[in-house]
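Asks: Right, I'll just put the structure down here and ask away after.
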Amino acid sequence: MTSSLRIPLRRLPRTRAVLLALLMVAGVMTALTATAQSARADERICDQYGSTTIQGRYVVQNNRWGTSATQCIDVTGTGFRLAQADGSVPTNGAPKSYPSVYFGCHYTNCSPGTNLPMQVGSIGSAPSSVSYTYVDNAVYNASYDIWLDPTPKKDGVNRTEIMIWLNRVGPIQPIGSRVGTANVGGRSWEVWTGSNGSNDVISFIAPSAITSMSFDVMDFVDETVARGMAQRSWYLTSVQAGFEPWQNGAGLAVNSFSASVNTGGSGGGDGGGGGGEPAPSGCEVTYTTNSWSNGFTADVRVRNTGSTAINGWEMNFALPAGQSVTSAWNATVSSAGGTVTARPVEHNRNIEPGGTQSFGFQGSHSGGTLAEPARFTLNGTVCTVK
């Protein structure tokens, strides 16, 4: 007991002294009880498909689908930790499980208030971030999954799974075969494609472990569309962050997770637009290219299909893998991590209703067929591509 509790009881009448002592003991016990309650372990889930919600908007799931061995997760306020992960399965087959936290819909279990499924062509941005803790003496990957389907599916298996492996430990490899590399979200990734018999899979593999990452999910969706494994008319149904363990795995943790889907561009919240200029009510883009061995030019023409004038604009689009901008005209063009931003010069900053403005740029590419960007946004609004 601390010195602050050493009250000189001898100066009080005996009855009052005893009463005060009892009150002191009761107060100390109450404080100790409160401390014990606050230090109590977080909710533990051991049910095979048990789940709960965190932050009022995400679902955490145990999701032990590939083994009968015991697996338990401790759910925290911002993520989860694998508390028990018994047993192992062959490393040339499927993993034991996928304990994870997600935003969206998974086998009819939708996260609270989610706006998914949403059509890819209607999404302006989908910012997300995740932080992991890794362990030794286990075989696993740290995987961020993005699910796409031709329909707004809330149940069962989707058509295409995008897997982002932020870490790979042990003799495991993605589904299919390696088809090259790509620069997505400002990082270089190995790219693998294949099928697991139920759905198509495209995997982006980090060359070394990444413990945390903040990115736009749509960068990976755009790359997948550019490779012909999805379409802009399809739906994003969920985004998920977790682990696929083959052997052991206790101690692995998703420390934090956040995700949202914006219909209007890069602004915050689930529905707002971004940027300093007003969002147009409608736009249409015509993208025309002329290519040669390792170079190309592109003419970008945008038409205002709305009923009000656009006074100042910003266009954003992602160049397919292997392409980069070298120069531009009739616009100020910059690029970062494969995402291109174009802003007008003085003479073409206004677009009247029904009117058009255009700009162009020259770029380089890695050869072969020249793929086109899958999605253009103008002041945060997704444009129709003609």
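By convention here, the chains of the structure tokens are called A, B, ... in the order presented, each chain's residues are numbered starting at 1, and ligands are numbered starting at 1 in the order presented.
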Write out as number ranges by chain the residues lying within 9 Å of segment 226-230 of chain A, counting only C-alpha atoms and excluding same-chain residues fewer than 6 positions away.

Replies: A: 148-150, 159-160, 200-202, 320-321, 371-374

Asks: Restricted to N, CA and C atoms, what would the selected residues look like written as a PDB file, in the first residue's frame?

Replies:
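And here is the file that came out, again.pdb:
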ATOM      1  N   LEU A 148     -13.675  -9.389 -56.094  1.00  0.00           N
ATOM      2  CA  LEU A 148     -14.424  -8.789 -57.199  1.00  0.00           C
ATOM      3  C   LEU A 148     -15.350  -9.822 -57.826  1.00  0.00           C
ATOM      4  N   ASP A 149     -16.526  -9.362 -58.267  1.00  0.00           N
ATOM      5  CA  ASP A 149     -17.475 -10.272 -58.901  1.00  0.00           C
ATOM      6  C   ASP A 149     -18.312  -9.515 -59.935  1.00  0.00           C
ATOM      7  N   PRO A 150     -18.762 -10.188 -60.992  1.00  0.00           N
ATOM      8  CA  PRO A 150     -19.618  -9.516 -61.985  1.00  0.00           C
ATOM      9  C   PRO A 150     -20.954  -9.066 -61.428  1.00  0.00           C
ATOM     10  N   ARG A 159     -15.755 -14.088 -58.286  1.00  0.00           N
ATOM     11  CA  ARG A 159     -15.070 -14.515 -59.508  1.00  0.00           C
ATOM     12  C   ARG A 159     -13.552 -14.333 -59.429  1.00  0.00           C
ATOM     13  N   THR A 160     -13.106 -13.170 -58.922  1.00  0.00           N
ATOM     14  CA  THR A 160     -11.671 -12.876 -58.917  1.00  0.00           C
ATOM     15  C   THR A 160     -11.230 -12.419 -57.533  1.00  0.00           C
ATOM     16  N   ASP A 200     -10.618 -17.177 -59.963  1.00  0.00           N
ATOM     17  CA  ASP A 200      -9.332 -16.701 -60.487  1.00  0.00           C
ATOM     18  C   ASP A 200      -8.610 -15.922 -59.398  1.00  0.00           C
ATOM     19  N   VAL A 201      -7.286 -15.972 -59.441  1.00  0.00           N
ATOM     20  CA  VAL A 201      -6.477 -15.307 -58.426  1.00  0.00           C
ATOM     21  C   VAL A 201      -5.333 -14.561 -59.098  1.00  0.00           C
ATOM     22  N   ILE A 202      -5.162 -13.306 -58.740  1.00  0.00           N
ATOM     23  CA  ILE A 202      -3.971 -12.552 -59.114  1.00  0.00           C
ATOM     24  C   ILE A 202      -3.300 -12.117 -57.810  1.00  0.00           C
ATOM     25  N   PRO A 320      -1.235   1.628 -66.906  1.00  0.00           N
ATOM     26  CA  PRO A 320      -0.944   0.202 -66.741  1.00  0.00           C
ATOM     27  C   PRO A 320       0.544  -0.041 -66.506  1.00  0.00           C
ATOM     28  N   ALA A 321       0.867  -1.208 -65.961  1.00  0.00           N
ATOM     29  CA  ALA A 321       2.245  -1.557 -65.623  1.00  0.00           C
ATOM     30  C   ALA A 321       3.163  -1.411 -66.830  1.00  0.00           C
ATOM     31  N   ALA A 371      -1.658  -1.298 -73.365  1.00  0.00           N
ATOM     32  CA  ALA A 371      -2.923  -1.289 -72.624  1.00  0.00           C
ATOM     33  C   ALA A 371      -3.322   0.139 -72.270  1.00  0.00           C
ATOM     34  N   GLU A 372      -4.631   0.364 -72.120  1.00  0.00           N
ATOM     35  CA  GLU A 372      -5.140   1.691 -71.795  1.00  0.00           C
ATOM     36  C   GLU A 372      -5.558   1.770 -70.332  1.00  0.00           C
ATOM     37  N   PRO A 373      -5.542   2.958 -69.741  1.00  0.00           N
ATOM     38  CA  PRO A 373      -6.038   3.105 -68.358  1.00  0.00           C
ATOM     39  C   PRO A 373      -7.479   2.631 -68.258  1.00  0.00           C
ATOM     40  N   ALA A 374      -7.809   2.045 -67.113  1.00  0.00           N
ATOM     41  CA  ALA A 374      -9.148   1.487 -66.940  1.00  0.00           C
ATOM     42  C   ALA A 374     -10.152   2.503 -66.422  1.00  0.00           C
TER      43      ALA A 374
END

Asks: Compile the contact shell of segment 166-180 of chain A as a PyMOL selection string: residues with an atom at most 9 Å away, counting only C-alpha atoms, same-chain residues fewer than 6 positions apart removed.

Replies: chain A and resi 91-93+134+136+138-144+189-196+201-213+246

Asks: Give me the residues within 7 Å of Pro344 of chain A as a list of chain:residue names, counting only C-alpha atoms and dropping any in the same chain fewer than 4 places off.

Replies: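 Listed by chain and then number, they are A:Trp313, A:Asn330, A:Ala331, A:Thr332, A:Asn348, A:Arg349.
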
Asks: Could you check the closest approach to Asn62 of chain A for each of A:Thr76, A:Gly186, A:Tyr235, A:Gly242 and tell me which residue wins, using only C-alpha atoms?

Replies: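 Checking each of A:Thr76, A:Gly186, A:Tyr235, A:Gly242 against Asn62 of chain A, counting only C-alpha atoms, the winner is A:Gly242.
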
Asks: List the neighbours of Ser334 of chain A out to 9 Å using only C-alpha atoms; skip same-chain residues closer than 5 positions along the sequence, and give me the result as an MDAnalysis selection string.

Replies: chainID A and resid 325 339:343

Asks: Do a neighbour search on segment 109-119 of chain A at 7 Å with only C-alpha atoms, toss out local chain neighbours closer than 3 positions, and write the hits as a ChimeraX atom specification.

Replies: /A:56-59,103-106,122-123,152-153,233-238

Asks: Please list as a list in words every residue within 9 Å of Phe220 of chain A, counting only C-alpha atoms and excluding residues in the same chain fewer than 5 positions away.

Replies: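 Residues meeting the cut-off are Ile146, Ile162, Ile164, Val184, Gly185, Phe204 and Val225 of chain A.
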
Asks: Find the residues around Val285 of chain A up to 7 Å (only C-alpha atoms counted), leave out those fewer than 6 positions away in its own chain, and share them as a PDB file with N, CA and C atoms, in the first residue's frame.

Replies:
ATOM      1  N   VAL A 300      -5.910  12.909 -74.796  1.00  0.00           N
ATOM      2  CA  VAL A 300      -7.001  12.728 -73.837  1.00  0.00           C
ATOM      3  C   VAL A 300      -8.001  13.862 -74.051  1.00  0.00           C
ATOM      4  N   ARG A 301      -9.200  13.504 -74.453  1.00  0.00           N
ATOM      5  CA  ARG A 301     -10.256  14.489 -74.705  1.00  0.00           C
ATOM      6  C   ARG A 301     -11.389  14.246 -73.725  1.00  0.00           C
ATOM      7  N   VAL A 302     -11.754  15.277 -72.971  1.00  0.00           N
ATOM      8  CA  VAL A 302     -12.809  15.129 -71.972  1.00  0.00           C
ATOM      9  C   VAL A 302     -13.982  16.031 -72.327  1.00  0.00           C
ATOM     10  N   ARG A 303     -15.181  15.470 -72.260  1.00  0.00           N
ATOM     11  CA  ARG A 303     -16.403  16.215 -72.569  1.00  0.00           C
ATOM     12  C   ARG A 303     -17.240  16.355 -71.312  1.00  0.00           C
ATOM     13  N   CYS A 383     -15.459   9.188 -64.851  1.00  0.00           N
ATOM     14  CA  CYS A 383     -15.947   9.505 -66.202  1.00  0.00           C
ATOM     15  C   CYS A 383     -16.262   8.233 -66.995  1.00  0.00           C
ATOM     16  N   THR A 384     -17.195   8.343 -67.907  1.00  0.00           N
ATOM     17  CA  THR A 384     -17.438   7.291 -68.881  1.00  0.00           C
ATOM     18  C   THR A 384     -16.309   7.314 -69.902  1.00  0.00           C
ATOM     19  N   VAL A 385     -15.811   6.129 -70.257  1.00  0.00           N
ATOM     20  CA  VAL A 385     -14.746   6.034 -71.268  1.00  0.00           C
ATOM     21  C   VAL A 385     -15.395   5.644 -72.587  1.00  0.00           C
ATOM     22  N   LYS A 386     -15.198   6.493 -73.584  1.00  0.00           N
ATOM     23  CA  LYS A 386     -15.844   6.266 -74.889  1.00  0.00           C
ATOM     24  C   LYS A 386     -15.035   5.283 -75.715  1.00  0.00           C
TER      25      LYS A 386
END

Asks: Write down as a list in words the residues belonging to segment 183-274 of chain A that are assigned helix (DSSP H, G or I) by DSSP computed on the backbone.

Replies: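 For segment 183-274 of chain A, the helix (DSSP H, G or I) set is Val217, Met218, Asp219, Phe220, Val221, Asp222, Glu223, Thr224, Val225 and Ala226 of chain A.
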
Asks: Please produce a file of those selected residues containing C-alpha atoms, as a PDB file, in the first residue's frame.

Replies:
ATOM      1  CA  VAL A 217      -7.199  -0.365 -53.111  1.00  0.00           C
ATOM      2  CA  MET A 218      -8.209   0.899 -56.550  1.00  0.00           C
ATOM      3  CA  ASP A 219      -4.567   0.929 -57.689  1.00  0.00           C
ATOM      4  CA  PHE A 220      -4.587  -2.875 -57.467  1.00  0.00           C
ATOM      5  CA  VAL A 221      -8.088  -3.124 -58.946  1.00  0.00           C
ATOM      6  CA  ASP A 222      -7.028  -0.984 -61.922  1.00  0.00           C
ATOM      7  CA  GLU A 223      -3.980  -3.184 -62.504  1.00  0.00           C
ATOM      8  CA  THR A 224      -6.200  -6.268 -62.409  1.00  0.00           C
ATOM      9  CA  VAL A 225      -8.628  -4.734 -64.917  1.00  0.00           C
ATOM     10  CA  ALA A 226      -5.718  -3.766 -67.182  1.00  0.00           C
TER      11      ALA A 226
END

Asks: Looking at A:Asn248, A:Ser88, A:Gln240, A:Ser324, which one is nearest to Asn63 of chain A, with distances taken over only C-alpha atoms?

Replies: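 Ranked by minimum distance to Asn63 of chain A, first place goes to A:Gln240.
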
Asks: Point out the residue among A:Asp145, A:Thr70, A:Thr151, A:Val130 with the least atom-to-atom distance to Ser258 of chain A, counting only C-alpha atoms.

Replies: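 Ranked by minimum distance to Ser258 of chain A, first place goes to A:Val130.
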
Asks: Can you list every residue in segment 154-385 of chain A that DSSP puts in strand (DSSP E or B), as a PyMOL selection string?

Replies: chain A and resi 160-169+177-184+187-195+200-205+212-216+235-247+253-259+262+264+273+283-292+295-304+310-311+315-318+324-329+331-336+339-344+350-351+356-364+376-378+381-382+384-385

Asks: Counting only C-alpha atoms, which residue out of A:Gln55, A:Gln71, A:Ser198, A:Asn304 sits closest to Ser358 of chain A?

Replies: A:Asn304
